[in-house]
Structures are given as structure tokens and as C-alpha cells.
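A.B. asks: Let me give you the structure first, and then I'll get to my questions.
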Amino acid sequence: GDARVRGQTGVLSERRGSYPFIDFRLLNNTSLSGEIGTKKKVKRLLSFQRYFHASRLLRGIVPQASLYLLDEDYLGQARHMLSKVGMWDFDIFLFDRLTNGNSLVTLLCHLFNVHGLIHHFQLDMVTLHRFLVMVQEDYHSQNPYHNAVHAADVTQAMHCYLREPKLANFLTPSDIMLGLLAAAAHDVDHPGVNQPFLIKTKHHLASLYQNVSVLENHHWRSTVGMLRESRLLAHLPKEVTQDIEQQLGSLILATDINRQNEFLIRLKSHLDNQDLRLEDAQDRHFMLQIALKCADICNPCRLWDLSKQWSERVCEEFYRQGDLEQKFELEISPLCNQQKDTIPSIQIGFMTYIVEPLFERWAQFTGDTPLSENMLNHLRRNKAKWRSLLHKQHSSSRSNDHSGQVTGSQEQQTLTKEETP
């Protein structure tokens with residue numbers, strides 16, 4: 001049935017464990033190859049996406065965060081890293097290893113404390129920790145890209161952006177909490193496939209949200225469900241919690257790549273007319289939306305070693321979707337064909353058409369701050385490295401098979417990809 005739950009505020013939330021994960025290990029099992037061959041059966045298989053997590057909860061097996069079971073040396077290194085959490089070269093992969101896979105919970109607890117949100121909103125630490133564990137557990141660790149480490153990375157980037165003087169001077173505690181919560185939960189329960197895949201397989205999420213911002217709506221409503229289940233904000237006045245839930249939705253829905261031009265045009269207009277008034281809550285919220293959009297796609301602006309890892313992860317997720325589509329005789333989505341869509345060509349197109357326009361406008365907003373200059377410099381260097389790798393692939397392809405050249409037209413496919421890094 002309908003997995004949504006209407007609360008007192010009128011915002012529809014979703015119960016945890018309502019949506020089964022897409023288990024690629026099951027899909028790749030050769031013993032199933034003769035049994036699963038129709039779109040109808042694909043849909044049935046997707047309905048088990050969250051079965052395993054739900055069954056664990058029903059059996060009372062609730063996974064516990066194992067941060068405090070770590071060796072003291074690891075804890076010491078993690079604490080040292082947290083002291084530099086505002087640095088752009090923060091290595092989220094190392095931090096995740098040091099916290100034994102609890103990077104999102106550890107990072108958020110720290111940032112809530114650093115920003116004084118626990119005291120300001122009179123939050124209970126045990127309840128906060130329980131809520132963050134729920135969020136972290138509802139990310140799918142089997143996703144190469146859309147997992148809790150990505151959420152932690154976006155949250156760390158959001159923290160950096162919230163400290164930019166042009167924005168920081170006007171932010172209220174409510175703005176900061178919304179920004180951090182939205183960053184942490186913006187991809188929660190992501191199935192590892194994009195919106196067009198859900199639509200063409202007639203997945204129940206696509207039907208639920210009528211094919212509009214399907215994943216983003218699910219991330220938002222799932223977050224609302226967890227906030228209510230944990231009772232993290234239950235002590236606040238009803239109108240405050242209602243406003244928080246609605247604004248969380250507005251922030252998370254802004255990450256829909258289909259709305260990229262809408263936000264860019266509006267941001268350009270504000271900057272050209274110089275009419276942004278950050279004393280106004282509406283303008284502050286708009287810039288929080290822009291900040292979250294930047295944080296969500298900031299991988300190409302990181303150090304090469306970090307950026308390259310993210311690029312390989314997101315392409316691996318694309319390729320898994322392409323393999324799944326090929327297996328069930330569906331049309332392979334743009335950027336998901338491992339035989340045609342190379343990592344360099346995907347990344348160059350993504351940087352050119354999606355990342356650069358947004359971050360150039362963000363730098364125009366912040367001014368020539370060290371962070372903005374650093375990000376744009378990394379972006380240019382990383383793009384040059386991908387071009388060099390693409391040229392090498394080109395040369396290798398020509399020497400092996402003259403008909404196998406990679407053309408620059410692949411770059412433009414980024415514009416048609418519904419779910420980007």
C-alpha cells in the first residue's frame with residue numbers, strides 16, 4: 001500500500017524500511033538469469049530493495065554504531081582530523097576508515113556542537129545520535145557513490161560554505177541546522193539508479209511522486225519520517241517543526257539536476273542586479289539552496305586524488321545501472337554504457353556543462369575568497385588531467401582499432417543524465 005504517513009503538520013513522511021534496496025548481487029546471480037527477463041519481474045525484484053533492512057528491524061537486530069569500540073589510536077587520529085574539518089583538503093575516505101564507517105554520525109555530532117546547535121535548540125545528545133544513526137543506516141553501503149560517505153563529504157563541504165564571510169555574517173542557528181541536516185540526508189535511501197530507470201521500470205516511487213523529482217521527494221519524505229520517529233525536534237513548538245520540515249524539503253528538492261538551469265538563471269539575475277538581501281530570510285534560503293547544490297557536486301573541485309576516487313565511484317554506479325538495463329533488455333541510459341562512455345569523457349562533460357557554470361557563479365557571490373579560488377583552481381587542473389587521460393585513450397584506441405575512437409560528443413550526454421554526482 002501507500003507507504004506515506006501524514007503527520008500533524010500535513011507533510012507526508014515515509015516509514016523506514018518501506019522501500020527495498022536493489023541488490024545487484026542477486027541480479028548478477030547466474031542462477032536467476034533464466035528466471036528474470038521481463039519488466040514486470042524487474043519491478044517485483046525492485047520491491048525487495050529494503051526487505052533485508054526491514055527484516056532486521058522486525059527481528060530486533062538494530063545495528064549499533066561501533067565508534068566507541070575503536071582503538072584509541074584511531075580515535076585520536078579521528079579527533080585530530082575533526083580539528084581541521086573546515087579545511088578543503090579534508091580526506092573523508094580516511095576519516096570514514098578512522099571512524100569504522102561512522103563518518104556521517106561522527107561528523108554531524110561534532111558540527112552540531114561546533115555551531116552551538118545542541119545548546120541553542122536544547123537537543124538531547126542521545127536522541128541526536130539515534131537520529132543520525134538512522135540516517136546513516138538508511139544509506140546503502142553497496143552503492144559505490146550514493147552512500148553515507150558521500151553524504152558526509154557533502155556535509156563537510158556545506159560546513160565550509162557556511163563559513164564563507166559573505167554568507168556566515170547573516171546566518172541564523174536555524175539556517176545552519178537546516179543546511180547541515182539537508183546535506184546529511186539529501187540522498188538518504190538512494191537506490192543506486194537514477195530517476196529515468198525508476199520511471200521506465202514503473203517503480204512504485206515513480207508512481208508515488210508522479211515522475212517528478214522522484215528521488216529527491218523520497219529523500220525528503222524519508223528524512224521527515226526519521227525526524228518524527230526519533231522525536232529529535234518533538235520538544236519544539238509545532239510551527240517551528242513544521243517550518244523545518246518544509247524548508248528541508250525545499251533544500252533537498254533543489255538538488256534535482258533537472259532544475260539546474262532554473263537556479264542558475266535566478267542566481268545570475270540576482271548577481272547581475274546586485275539585489276540579494278541576505279537580511280531577508282527568503283534570500284538566505286535561496287543561497288542555502290545554491291550552497292547545497294554546490295556541495296552535492298563539488299567532487300571535481302577537490303584535490304585530484306579525492307576527486308578521481310569520486311569520479312571512479314560514480315561511473316561504477318552508472319555502469320552497474322547500464323549492466324542492469326542490458327540484462328533486462330532495457331534501453332541503456334546515457335553515460336551508463338561501459339563500452340562507450342569512458343570516465344574521462346563523462347567527467348569532462350560533467351565539469352563543462354554542470355560544475356563550471358555553477359561554481360563560477362558561486363565564486364562571483366562569495367568574492368575572491370581563498371576557498372573559491374582554491375576550488376576553481378582544482379577544477380581547472382582536474383579537467384586538464386581528464387583531458388590528458390582522454391587523449392591517451394584516444395591514441396590507444398587509434399593504434400588498436402581505428403573505428404573505436406572516442407568522440408567529444410559524449411561530453412554533451414551529461415546534460416541528459418538525470419542523476420549526476
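Going through the C-alpha cells in order, the chains are called A, B, and so on, while each chain numbers its residues from 1 and the ligands are numbered from 1 in the order shown.
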Using DSSP on the backbone coordinates, identify all residues within region 208-407 of chain A classified as helix (DSSP H, G or I); present the result as a PyMOL selection string.

C.D. replies: chain A and resi 208+214-230+238-253+257-273+281-296+299-301+304-327+343-366+370-400+402-404

A.B. asks: Output C-alpha atoms for every residue in that selection, as a compact mmCIF listing (two decimals), in the first residue's frame.

C.D. replies:
```txt
# COMPACT_ATOMS: atom_id res chain seq x y z
CA LEU A 208 4.08 7.79 -5.83
CA VAL A 214 11.15 11.17 -7.62
CA LEU A 215 14.38 10.54 -5.72
CA GLU A 216 14.55 13.99 -4.13
CA ASN A 217 10.98 13.72 -2.86
CA HIS A 218 11.79 10.30 -1.42
CA HIS A 219 14.94 11.60 0.30
CA TRP A 220 12.97 14.46 1.84
CA ARG A 221 9.95 12.44 2.99
CA SER A 222 12.22 9.74 4.41
CA THR A 223 14.08 12.40 6.39
CA VAL A 224 10.83 13.77 7.76
CA GLY A 225 9.83 10.24 8.76
CA MET A 226 13.09 9.75 10.66
CA LEU A 227 12.82 13.12 12.40
CA ARG A 228 9.38 12.16 13.66
CA GLU A 229 10.36 8.62 14.56
CA SER A 230 13.38 9.78 16.55
CA LYS A 238 4.60 22.78 16.32
CA GLU A 239 5.03 25.76 13.99
CA VAL A 240 8.83 25.53 14.30
CA THR A 241 8.96 21.82 13.39
CA GLN A 242 6.51 22.42 10.57
CA ASP A 243 8.75 25.15 9.15
CA ILE A 244 11.86 22.98 9.50
CA GLU A 245 10.23 20.09 7.64
CA GLN A 246 9.07 22.34 4.80
CA GLN A 247 12.41 24.08 4.42
CA LEU A 248 14.26 20.77 4.45
CA GLY A 249 12.08 19.78 1.53
CA SER A 250 12.86 22.97 -0.34
CA LEU A 251 16.60 22.44 0.13
CA ILE A 252 16.68 18.75 -0.80
CA LEU A 253 14.41 19.23 -3.83
CA ILE A 257 19.60 18.20 -11.63
CA ASN A 258 16.56 18.88 -13.83
CA ARG A 259 16.24 22.22 -12.03
CA GLN A 260 19.86 23.26 -12.65
CA ASN A 261 19.08 25.95 -15.22
CA GLU A 262 16.24 27.31 -13.11
CA PHE A 263 18.60 28.00 -10.21
CA LEU A 264 21.45 29.25 -12.39
CA ILE A 265 19.21 31.77 -14.18
CA ARG A 266 17.84 33.03 -10.87
CA LEU A 267 21.31 33.29 -9.31
CA LYS A 268 22.68 35.13 -12.36
CA SER A 269 19.80 37.59 -12.19
CA HIS A 270 20.42 38.30 -8.50
CA LEU A 271 24.15 38.77 -9.03
CA ASP A 272 23.76 40.96 -12.11
CA ASN A 273 21.15 43.14 -10.41
CA ALA A 281 15.10 35.02 5.14
CA GLN A 282 13.92 34.20 1.62
CA ASP A 283 17.21 35.29 0.03
CA ARG A 284 19.22 33.46 2.69
CA HIS A 285 17.25 30.29 1.98
CA PHE A 286 17.91 30.64 -1.74
CA MET A 287 21.65 30.89 -1.11
CA LEU A 288 21.45 27.83 1.15
CA GLN A 289 19.88 26.01 -1.80
CA ILE A 290 22.78 27.13 -4.00
CA ALA A 291 25.30 26.12 -1.33
CA LEU A 292 23.77 22.64 -1.10
CA LYS A 293 23.80 22.28 -4.88
CA CYS A 294 27.49 23.22 -4.88
CA ALA A 295 28.27 20.80 -2.04
CA ASP A 296 26.45 17.99 -3.84
CA ASN A 299 33.89 16.45 -6.23
CA PRO A 300 35.62 17.92 -9.32
CA CYS A 301 36.75 20.85 -7.14
CA TRP A 304 42.93 15.22 -7.63
CA ASP A 305 43.37 12.07 -5.53
CA LEU A 306 39.99 12.59 -3.85
CA SER A 307 38.24 13.83 -6.98
CA LYS A 308 39.46 10.86 -9.01
CA GLN A 309 38.12 8.40 -6.43
CA TRP A 310 34.69 10.01 -6.54
CA SER A 311 34.71 10.03 -10.35
CA GLU A 312 35.51 6.33 -10.48
CA ARG A 313 32.82 5.58 -7.90
CA VAL A 314 30.04 7.46 -9.64
CA CYS A 315 30.94 5.92 -13.01
CA GLU A 316 30.94 2.48 -11.44
CA GLU A 317 27.39 3.19 -10.25
CA PHE A 318 26.43 4.35 -13.75
CA TYR A 319 27.92 1.21 -15.28
CA ARG A 320 26.07 -1.03 -12.83
CA GLN A 321 22.82 0.57 -13.95
CA GLY A 322 23.82 0.08 -17.58
CA ASP A 323 24.59 -3.60 -16.95
CA LEU A 324 21.23 -3.99 -15.24
CA GLU A 325 19.43 -2.35 -18.16
CA GLN A 326 21.25 -4.55 -20.64
CA LYS A 327 20.46 -7.65 -18.62
CA ILE A 343 35.30 8.00 -17.21
CA PRO A 344 37.35 10.89 -18.71
CA SER A 345 34.67 11.79 -21.26
CA ILE A 346 31.91 11.64 -18.64
CA GLN A 347 33.86 13.82 -16.23
CA ILE A 348 34.91 16.42 -18.81
CA GLY A 349 31.31 16.83 -19.91
CA PHE A 350 30.08 16.99 -16.33
CA MET A 351 32.64 19.66 -15.42
CA THR A 352 32.00 21.71 -18.57
CA TYR A 353 28.22 21.80 -18.57
CA ILE A 354 27.24 21.35 -14.92
CA VAL A 355 30.04 22.16 -12.46
CA GLU A 356 31.84 25.14 -14.01
CA PRO A 357 28.75 27.33 -14.59
CA LEU A 358 27.57 26.81 -11.00
CA PHE A 359 30.92 27.33 -9.27
CA GLU A 360 31.80 30.39 -11.33
CA ARG A 361 28.57 31.99 -10.12
CA TRP A 362 29.24 30.84 -6.56
CA ALA A 363 32.69 32.50 -6.70
CA GLN A 364 31.03 35.64 -8.02
CA PHE A 365 28.76 35.60 -4.96
CA THR A 366 31.45 34.91 -2.35
CA PRO A 370 40.68 31.58 -0.64
CA LEU A 371 38.14 28.75 -0.75
CA SER A 372 36.52 29.83 -4.01
CA GLU A 373 39.88 30.37 -5.70
CA ASN A 374 41.10 27.01 -4.40
CA MET A 375 38.04 25.18 -5.73
CA LEU A 376 38.23 26.78 -9.19
CA ASN A 377 41.96 26.04 -9.42
CA HIS A 378 41.37 22.38 -8.55
CA LEU A 379 38.52 22.26 -11.07
CA ARG A 380 40.72 23.56 -13.89
CA ARG A 381 43.63 21.26 -13.03
CA ASN A 382 41.38 18.21 -12.70
CA LYS A 383 39.71 18.95 -16.02
CA ALA A 384 43.13 19.22 -17.68
CA LYS A 385 44.13 15.84 -16.22
CA TRP A 386 40.97 14.19 -17.51
CA ARG A 387 41.59 15.72 -20.94
CA SER A 388 45.11 14.27 -20.87
CA LEU A 389 43.75 10.83 -19.95
CA LEU A 390 41.11 11.10 -22.69
CA HIS A 391 43.84 11.97 -25.21
CA LYS A 392 45.81 8.90 -24.13
CA GLN A 393 42.71 6.73 -24.54
CA HIS A 394 42.20 8.31 -27.95
CA SER A 395 45.72 7.48 -29.02
CA SER A 396 45.49 3.93 -27.67
CA SER A 397 42.16 3.41 -29.39
CA ARG A 398 43.51 4.63 -32.74
CA SER A 399 46.51 2.35 -32.51
CA ASN A 400 44.38 -0.71 -31.66
CA HIS A 402 40.69 2.94 -35.89
CA SER A 403 36.94 2.50 -35.61
CA GLY A 404 36.92 2.69 -31.83
```

A.B. asks: Rounded to one decimal, what separation in Å do you get between CA of Glu164 (chain A) and CA of Met87 (chain A)?

C.D. replies: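 Atom-to-atom, CA of Glu164 (chain A) to CA of Met87 (chain A), that is 12.1 Å.
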
A.B. asks: Which residues are close to Trp88 (chain A), i.e. within 8 Å by only C-alpha atoms, leaving aside same-chain residues fewer than 4 positions away? Reply as a list in words.

C.D. replies: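 Counting only C-alpha atoms, the residues come to Ala157, Cys160, Arg302 and Leu371 of chain A.
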
A.B. asks: Smallest atom-to-atom distance to Val105 (chain A): which of A:Asp89, A:Gln77, A:Asp175, A:Leu181, using only C-alpha atoms?

C.D. replies: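 Among the listed residues, the smallest separation from Val105 (chain A) belongs to A:Leu181.
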